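What follows is a short report on a single structure.
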Amino acid sequence: MPHNQNLTELSDEELIKKFQETNELEAFEILVRRYKDPLMNFVYRFIGDRDVCTDIVQDTMIKFYLNKDSYREFAKFSTWIYTIAGNLAKNELKRRKRRNILSISPSSEDEKQIQLEDKSFVAPDRAADSNIKHDIIQKALMKIKPVYREMVILRDIQGLSYEEIAEITKVSLGTVKSRINRGRTQLQKLLKHIYNE
Amino acid sequence: MRINSYNEEEEKFSKLLNDLKQLPQIKAEENFEYNLMIRIQNKNFGNLMEDSESQFNIIKFAIPSAIIAIIILFIIFIPREDEYIENPLMTDPPKIMENNLSNKSQANLKGGELLPTKPTKKQTAKNPSIISKEVLIEPTPKYPLNKNRSVSLDDYISGEAPKSNNLERGNIVKGGEEEFDFDGFLLPQPIDYYSLQKYRRMIDSIRKVEAKRDSLKKFR
């Protein structure tokens, strides 16, 4: 399939241009393939819920499909798609917050679970196990403010540059750096039981 | 896109950053693309199509709230009718219906603009509501002068002045031995409607300001 081979060799920006011009689904599919895993990782670390995370990434791809014409060439495709995913993830967080406020019960099931598992924070011996450690880090991530969390994930987990993060989050470079620094400080404080050992 | 080098700021977080990088990568399910393409083919977009409409909802919400705000401001700042103090200068003077004009009233109104016009035959024909003998007259101008203590020169010269006691008149002119109140000589002049309107407007504006001030005082 030489045509398909050619498409896979194209850059993200070339692919979306092709998709915009010819409405070729193959170009769309290639972009989906390229970005589904990084977006899943980003959204999961941000939301902390696997099922919801799958829905959000699906919605991200559908939004990309529906609003392909709103993408402008001067922007990087990666920052554009991360922006969509980030916005949807933030909306989900807001929805959850609202649901928790409106909930009649004093604490939801999720909160109870988190509270129970928080005990592992004061048990450094358990932290030796890498899986548990990963769980602890994920829970610590969920405890920091979403604005800091998003930046820390994009920078330290997804490995994006400060400039890309500034473009995705629509804030200045200075704000990105200070937020990342604050996020890391908060995270380190939450994980002091691991790092003090 | 991976960044492996740490700058100075990042060094103090080196352990944390290492751990964050070592976090397992979460991958999409195997049927992710299949499910996505089915959703697209079935046009199962959920509420993703409604996003542009939700922005419009904000406008929908903003318009009624703005109207409500305007109404509230209107209620607060516009004085109620019962608080309105009627300006006597702005109200029309009461119209007196008279069947016959007395000579005296005619004499008083002579030369003035308030002289009532008798309806002509043409007018009565056009307007049946005007009865031939009934004439609307404006009230005679009342001067703040006591007739007993003043002399109308015009009336006196023309001889139309009512006959008064000579003693009384003499007393006025002479003054007598006691201290008397003499208002001065009465010189009936035609009313200048232009200046009257001007003064009315001035007084009215002053009253309005006072009324507003009072209402604000009450509000405070």
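Convention: chains lettered A, B, ... in structure tokens order; per-chain residue numbering from 1; ligands numbered from 1 as shown.
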
Please extract the residues of stretch 16-180 of chain A with a backbone DSSP assignment of helix (DSSP H, G or I) and present them as a PyMOL selection string. chain A and resi 16-22+25-47+50-66+68-70+77-102+109-122+126-128+130-143+146-157+162-169+173-180

Return as number ranges by chain the residues belonging to chain B that are within 10 Å of chain A, counting only C-alpha atoms. B: 1-4, 9-10, 12-13, 15-29, 32-33, 35-37, 39-40, 43-49

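Residue nearest B:Met202, chosen from B:Ser65, B:Ser14, B:Asn87, B:Asn42 and counting only C-alpha atoms: B:Asn87.
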
In Å, how far is it from atom CA of B:Ile75 to atom CA of B:Lys217? 16.3 Å

Determine, counting only C-alpha atoms, which protein, DNA and RNA residues have an atom within 12 Å of an atom of A:Lys170; residues of the same chain fewer than 5 positions away are not included. Present the result as a list of chain:residue names. A:Thr79, A:Trp80, A:Tyr82, A:Thr83, A:Gly86, A:Asn87, A:Val147, A:Met151, A:Tyr162, A:Glu163, A:Glu164, A:Ile165, A:Thr175, A:Val176

If you keep all heavy atoms, can you produce a file of those selected residues as a compact mmCIF listing (two decimals), in the first residue's frame?
```txt
# COMPACT_ATOMS: atom_id res chain seq x y z
N THR A 79 0.23 20.47 20.30
CA THR A 79 -0.29 21.41 21.31
C THR A 79 -1.80 21.59 21.15
O THR A 79 -2.52 21.72 22.14
CB THR A 79 0.42 22.78 21.21
OG1 THR A 79 0.22 23.30 19.91
CG2 THR A 79 1.88 22.69 21.51
N TRP A 80 -2.25 21.58 19.90
CA TRP A 80 -3.70 21.74 19.65
C TRP A 80 -4.50 20.59 20.25
O TRP A 80 -5.49 20.79 20.95
CB TRP A 80 -3.93 21.84 18.13
CG TRP A 80 -5.34 22.13 17.72
CD1 TRP A 80 -6.03 23.27 17.93
CD2 TRP A 80 -6.22 21.25 17.02
NE1 TRP A 80 -7.29 23.18 17.40
CE2 TRP A 80 -7.44 21.95 16.83
CE3 TRP A 80 -6.10 19.96 16.51
CZ2 TRP A 80 -8.53 21.39 16.16
CZ3 TRP A 80 -7.19 19.41 15.84
CH2 TRP A 80 -8.40 20.12 15.68
N TYR A 82 -3.51 18.44 22.56
CA TYR A 82 -3.35 18.41 24.02
C TYR A 82 -4.29 19.44 24.67
O TYR A 82 -4.82 19.22 25.75
CB TYR A 82 -1.90 18.71 24.41
CG TYR A 82 -1.06 17.47 24.62
CD1 TYR A 82 -0.10 17.08 23.69
CD2 TYR A 82 -1.21 16.68 25.77
CE1 TYR A 82 0.68 15.94 23.87
CE2 TYR A 82 -0.43 15.54 25.96
CZ TYR A 82 0.51 15.18 25.01
OH TYR A 82 1.26 14.05 25.21
N THR A 83 -4.46 20.57 23.99
CA THR A 83 -5.37 21.60 24.52
C THR A 83 -6.79 21.06 24.59
O THR A 83 -7.48 21.24 25.60
CB THR A 83 -5.35 22.86 23.62
OG1 THR A 83 -4.00 23.28 23.47
CG2 THR A 83 -6.16 23.99 24.21
N GLY A 86 -6.96 18.47 27.37
CA GLY A 86 -6.85 19.15 28.67
C GLY A 86 -8.15 19.82 29.06
O GLY A 86 -8.59 19.72 30.21
N ASN A 87 -8.77 20.50 28.10
CA ASN A 87 -10.04 21.18 28.38
C ASN A 87 -11.13 20.18 28.76
O ASN A 87 -11.90 20.42 29.69
CB ASN A 87 -10.50 22.00 27.17
CG ASN A 87 -9.65 23.24 26.98
OD1 ASN A 87 -9.00 23.70 27.92
ND2 ASN A 87 -9.64 23.77 25.78
N VAL A 147 -4.30 23.05 38.43
CA VAL A 147 -3.46 23.91 37.57
C VAL A 147 -1.99 23.51 37.65
O VAL A 147 -1.27 23.55 36.64
CB VAL A 147 -3.60 25.42 37.92
CG1 VAL A 147 -4.82 26.01 37.30
CG2 VAL A 147 -3.54 25.68 39.40
N MET A 151 0.43 21.04 34.64
CA MET A 151 1.75 21.47 34.19
C MET A 151 2.83 20.44 34.51
O MET A 151 3.70 20.16 33.68
CB MET A 151 2.11 22.80 34.86
CG MET A 151 1.07 23.87 34.70
SD MET A 151 1.58 25.14 33.60
CE MET A 151 0.09 26.09 33.43
N TYR A 162 8.68 23.86 27.94
CA TYR A 162 7.94 24.95 28.61
C TYR A 162 7.09 25.74 27.60
O TYR A 162 5.97 26.15 27.89
CB TYR A 162 8.91 25.90 29.31
CG TYR A 162 9.54 25.33 30.57
CD1 TYR A 162 10.92 25.11 30.65
CD2 TYR A 162 8.77 25.03 31.68
CE1 TYR A 162 11.51 24.61 31.80
CE2 TYR A 162 9.34 24.53 32.84
CZ TYR A 162 10.71 24.31 32.90
OH TYR A 162 11.27 23.81 34.05
N GLU A 163 7.68 25.97 26.43
CA GLU A 163 6.97 26.74 25.40
C GLU A 163 5.69 26.03 24.94
O GLU A 163 4.65 26.67 24.77
CB GLU A 163 7.89 26.99 24.18
CG GLU A 163 9.02 27.97 24.43
CD GLU A 163 10.18 27.38 25.21
OE1 GLU A 163 10.23 26.14 25.42
OE2 GLU A 163 11.05 28.16 25.63
N GLU A 164 5.82 24.73 24.76
CA GLU A 164 4.64 23.95 24.34
C GLU A 164 3.56 24.00 25.42
O GLU A 164 2.37 24.15 25.11
CB GLU A 164 5.04 22.50 24.05
CG GLU A 164 5.76 22.31 22.72
CD GLU A 164 6.31 20.90 22.53
OE1 GLU A 164 6.81 20.31 23.51
OE2 GLU A 164 6.23 20.39 21.40
N ILE A 165 4.00 23.89 26.67
CA ILE A 165 3.02 23.91 27.78
C ILE A 165 2.34 25.27 27.84
O ILE A 165 1.12 25.36 28.06
CB ILE A 165 3.72 23.57 29.13
CG1 ILE A 165 4.28 22.14 29.07
CG2 ILE A 165 2.75 23.70 30.29
CD1 ILE A 165 5.23 21.79 30.20
N THR A 175 4.62 32.05 34.05
CA THR A 175 3.57 31.38 34.85
C THR A 175 3.75 29.87 34.80
O THR A 175 3.60 29.19 35.82
CB THR A 175 2.17 31.76 34.31
OG1 THR A 175 2.11 33.17 34.17
CG2 THR A 175 1.06 31.30 35.21
N VAL A 176 4.08 29.37 33.62
CA VAL A 176 4.29 27.91 33.47
C VAL A 176 5.40 27.47 34.41
O VAL A 176 5.25 26.51 35.19
CB VAL A 176 4.64 27.57 32.00
CG1 VAL A 176 5.11 26.13 31.87
CG2 VAL A 176 3.44 27.80 31.10
```

With only C-alpha atoms as the counted atoms, please give the residues lying no more than 7 Å from stretch 4-21 of chain A, apart from itself and same-chain residues fewer than 2 positions off, as a PDB file with all heavy atoms, in the first residue's frame.
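Dumped to around.pdb:
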```
ATOM      1  N   MET A   1       0.837  -1.190   0.000  1.00  0.00           N
ATOM      2  CA  MET A   1       0.000   0.000   0.000  1.00  0.00           C
ATOM      3  C   MET A   1       0.880   1.251   0.000  1.00  0.00           C
ATOM      4  O   MET A   1       1.194   1.813   1.057  1.00  0.00           O
ATOM      5  CB  MET A   1      -0.913  -0.025   1.217  1.00  0.00           C
ATOM      6  CG  MET A   1      -1.897  -1.156   1.184  1.00  0.00           C
ATOM      7  SD  MET A   1      -3.495  -0.654   1.730  1.00  0.00           S
ATOM      8  CE  MET A   1      -3.174  -0.362   3.462  1.00  0.00           C
ATOM      9  N   PRO A   2       1.384   1.657  -1.113  1.00  0.00           N
ATOM     10  CA  PRO A   2       2.316   2.798  -1.154  1.00  0.00           C
ATOM     11  C   PRO A   2       1.685   4.091  -0.673  1.00  0.00           C
ATOM     12  O   PRO A   2       2.346   4.908  -0.056  1.00  0.00           O
ATOM     13  CB  PRO A   2       2.704   2.883  -2.636  1.00  0.00           C
ATOM     14  CG  PRO A   2       1.645   2.150  -3.384  1.00  0.00           C
ATOM     15  CD  PRO A   2       1.060   1.155  -2.457  1.00  0.00           C
ATOM     16  N   ASN A  23     -10.450  15.573   3.329  1.00  0.00           N
ATOM     17  CA  ASN A  23     -11.344  14.834   4.232  1.00  0.00           C
ATOM     18  C   ASN A  23     -10.997  13.347   4.262  1.00  0.00           C
ATOM     19  O   ASN A  23     -11.870  12.496   4.487  1.00  0.00           O
ATOM     20  CB  ASN A  23     -12.810  15.044   3.817  1.00  0.00           C
ATOM     21  CG  ASN A  23     -13.726  15.143   5.013  1.00  0.00           C
ATOM     22  OD1 ASN A  23     -13.263  15.287   6.146  1.00  0.00           O
ATOM     23  ND2 ASN A  23     -15.021  15.053   4.770  1.00  0.00           N
ATOM     24  N   GLU A  24      -9.729  13.056   4.059  1.00  0.00           N
ATOM     25  CA  GLU A  24      -9.286  11.663   3.982  1.00  0.00           C
ATOM     26  C   GLU A  24      -9.215  11.056   5.387  1.00  0.00           C
ATOM     27  O   GLU A  24      -8.444  11.531   6.240  1.00  0.00           O
ATOM     28  CB  GLU A  24      -7.901  11.609   3.323  1.00  0.00           C
ATOM     29  CG  GLU A  24      -7.621  10.267   2.691  1.00  0.00           C
ATOM     30  CD  GLU A  24      -6.360  10.326   1.829  1.00  0.00           C
ATOM     31  OE1 GLU A  24      -6.023  11.421   1.338  1.00  0.00           O
ATOM     32  OE2 GLU A  24      -5.736   9.289   1.666  1.00  0.00           O
ATOM     33  N   LEU A  25     -10.006  10.014   5.609  1.00  0.00           N
ATOM     34  CA  LEU A  25     -10.081   9.413   6.944  1.00  0.00           C
ATOM     35  C   LEU A  25      -8.777   8.740   7.365  1.00  0.00           C
ATOM     36  O   LEU A  25      -8.491   8.644   8.559  1.00  0.00           O
ATOM     37  CB  LEU A  25     -11.220   8.399   6.993  1.00  0.00           C
ATOM     38  CG  LEU A  25     -12.549   8.894   7.580  1.00  0.00           C
ATOM     39  CD1 LEU A  25     -13.580   7.781   7.563  1.00  0.00           C
ATOM     40  CD2 LEU A  25     -12.390   9.429   8.998  1.00  0.00           C
ATOM     41  N   ALA A  27      -5.770   9.783   7.002  1.00  0.00           N
ATOM     42  CA  ALA A  27      -4.910  10.778   7.662  1.00  0.00           C
ATOM     43  C   ALA A  27      -5.366  10.957   9.113  1.00  0.00           C
ATOM     44  O   ALA A  27      -4.535  11.022  10.035  1.00  0.00           O
ATOM     45  CB  ALA A  27      -4.989  12.109   6.918  1.00  0.00           C
ATOM     46  N   PHE A  28      -6.659  10.995   9.289  1.00  0.00           N
ATOM     47  CA  PHE A  28      -7.218  11.126  10.641  1.00  0.00           C
ATOM     48  C   PHE A  28      -6.832   9.926  11.499  1.00  0.00           C
ATOM     49  O   PHE A  28      -6.404  10.064  12.652  1.00  0.00           O
ATOM     50  CB  PHE A  28      -8.746  11.268  10.533  1.00  0.00           C
ATOM     51  CG  PHE A  28      -9.472  11.165  11.839  1.00  0.00           C
ATOM     52  CD1 PHE A  28      -9.430  12.196  12.765  1.00  0.00           C
ATOM     53  CD2 PHE A  28     -10.219  10.031  12.146  1.00  0.00           C
ATOM     54  CE1 PHE A  28     -10.116  12.092  13.976  1.00  0.00           C
ATOM     55  CE2 PHE A  28     -10.903   9.925  13.347  1.00  0.00           C
ATOM     56  CZ  PHE A  28     -10.847  10.962  14.271  1.00  0.00           C
ATOM     57  N   ILE A  30      -4.345   7.890  11.193  1.00  0.00           N
ATOM     58  CA  ILE A  30      -2.910   7.872  11.534  1.00  0.00           C
ATOM     59  C   ILE A  30      -2.630   8.793  12.724  1.00  0.00           C
ATOM     60  O   ILE A  30      -1.900   8.441  13.653  1.00  0.00           O
ATOM     61  CB  ILE A  30      -2.054   8.260  10.301  1.00  0.00           C
ATOM     62  CG1 ILE A  30      -2.145   7.145   9.250  1.00  0.00           C
ATOM     63  CG2 ILE A  30      -0.591   8.498  10.685  1.00  0.00           C
ATOM     64  CD1 ILE A  30      -1.633   7.539   7.880  1.00  0.00           C
ATOM     65  N   LEU A  31      -3.251   9.964  12.676  1.00  0.00           N
ATOM     66  CA  LEU A  31      -3.073  10.904  13.803  1.00  0.00           C
ATOM     67  C   LEU A  31      -3.642  10.332  15.104  1.00  0.00           C
ATOM     68  O   LEU A  31      -3.050  10.513  16.166  1.00  0.00           O
ATOM     69  CB  LEU A  31      -3.737  12.250  13.473  1.00  0.00           C
ATOM     70  CG  LEU A  31      -2.961  13.130  12.501  1.00  0.00           C
ATOM     71  CD1 LEU A  31      -3.812  14.287  12.014  1.00  0.00           C
ATOM     72  CD2 LEU A  31      -1.671  13.650  13.124  1.00  0.00           C
ATOM     73  N   LYS A  68     -11.949  19.914  12.751  1.00  0.00           N
ATOM     74  CA  LYS A  68     -10.635  19.896  12.101  1.00  0.00           C
ATOM     75  C   LYS A  68     -10.291  21.240  11.444  1.00  0.00           C
ATOM     76  O   LYS A  68      -9.134  21.638  11.393  1.00  0.00           O
ATOM     77  CB  LYS A  68     -10.566  18.767  11.070  1.00  0.00           C
ATOM     78  CG  LYS A  68     -11.514  18.908   9.893  1.00  0.00           C
ATOM     79  CD  LYS A  68     -11.319  17.767   8.934  1.00  0.00           C
ATOM     80  CE  LYS A  68     -12.057  17.948   7.627  1.00  0.00           C
ATOM     81  NZ  LYS A  68     -13.518  18.059   7.750  1.00  0.00           N
ATOM     82  N   ASP A  69     -11.314  21.946  10.989  1.00  0.00           N
ATOM     83  CA  ASP A  69     -11.071  23.209  10.290  1.00  0.00           C
ATOM     84  C   ASP A  69     -10.670  24.348  11.223  1.00  0.00           C
ATOM     85  O   ASP A  69     -10.172  25.375  10.764  1.00  0.00           O
ATOM     86  CB  ASP A  69     -12.308  23.615   9.478  1.00  0.00           C
ATOM     87  CG  ASP A  69     -12.570  22.616   8.366  1.00  0.00           C
ATOM     88  OD1 ASP A  69     -11.578  22.144   7.771  1.00  0.00           O
ATOM     89  OD2 ASP A  69     -13.738  22.278   8.114  1.00  0.00           O
ATOM     90  N   LYS A  76       1.317  24.019  16.474  1.00  0.00           N
ATOM     91  CA  LYS A  76       1.726  22.611  16.361  1.00  0.00           C
ATOM     92  C   LYS A  76       0.495  21.746  16.610  1.00  0.00           C
ATOM     93  O   LYS A  76      -0.323  22.051  17.482  1.00  0.00           O
ATOM     94  CB  LYS A  76       2.790  22.300  17.415  1.00  0.00           C
ATOM     95  CG  LYS A  76       4.204  22.602  16.952  1.00  0.00           C
ATOM     96  CD  LYS A  76       5.197  22.224  18.005  1.00  0.00           C
ATOM     97  CE  LYS A  76       5.566  20.743  17.910  1.00  0.00           C
ATOM     98  NZ  LYS A  76       6.659  20.396  18.864  1.00  0.00           N
ATOM     99  N   PHE A  77       0.393  20.654  15.859  1.00  0.00           N
ATOM    100  CA  PHE A  77      -0.778  19.787  16.042  1.00  0.00           C
ATOM    101  C   PHE A  77      -0.816  19.219  17.455  1.00  0.00           C
ATOM    102  O   PHE A  77      -1.878  19.125  18.070  1.00  0.00           O
ATOM    103  CB  PHE A  77      -0.759  18.649  14.996  1.00  0.00           C
ATOM    104  CG  PHE A  77      -1.864  17.665  15.202  1.00  0.00           C
ATOM    105  CD1 PHE A  77      -3.164  17.960  14.796  1.00  0.00           C
ATOM    106  CD2 PHE A  77      -1.634  16.445  15.833  1.00  0.00           C
ATOM    107  CE1 PHE A  77      -4.194  17.057  15.010  1.00  0.00           C
ATOM    108  CE2 PHE A  77      -2.663  15.541  16.049  1.00  0.00           C
ATOM    109  CZ  PHE A  77      -3.945  15.856  15.622  1.00  0.00           C
TER     110      PHE A  77
END
```

To one decimal in Å, tell me the separation between atom CA of A:Phe74 and atom CA of A:Arg34. 20.1 Å

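Atom CA of A:Asp49 to atom CA of A:Ile132 spans 16.6 Å [interatomic distance, one decimal].
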
Residues within 10 Å of A:Gln186, only C-alpha atoms, excluding chain neighbours under 6 positions, as a JSON list (two decimals) with C-alpha atoms, in the first residue's frame:
```json
[["chain", "number", "residue", "atom", "x", "y", "z"],
["A", 140, "ALA", "CA", -0.10, 12.51, 45.48],
["A", 141, "LEU", "CA", -0.56, 13.93, 41.99],
["A", 143, "LYS", "CA", -3.87, 15.84, 45.73],
["A", 144, "ILE", "CA", -2.18, 18.87, 44.21],
["A", 145, "LYS", "CA", -4.12, 21.67, 42.58],
["A", 148, "TYR", "CA", -0.16, 22.66, 38.99],
["A", 149, "ARG", "CA", -0.96, 19.04, 38.26],
["A", 180, "ILE", "CA", 5.60, 23.74, 37.65],
["A", 192, "LYS", "CA", 8.42, 13.25, 51.87]]
```

I'd like the neighbourhood of B:Phe77 as a list in words, where a residue qualifies if any of its atoms comes within 9 Å (using only C-alpha atoms), though same-chain residues fewer than 4 positions away should be ignored.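 Here the answer would be Ile72, Leu73 and Leu216 of chain B.
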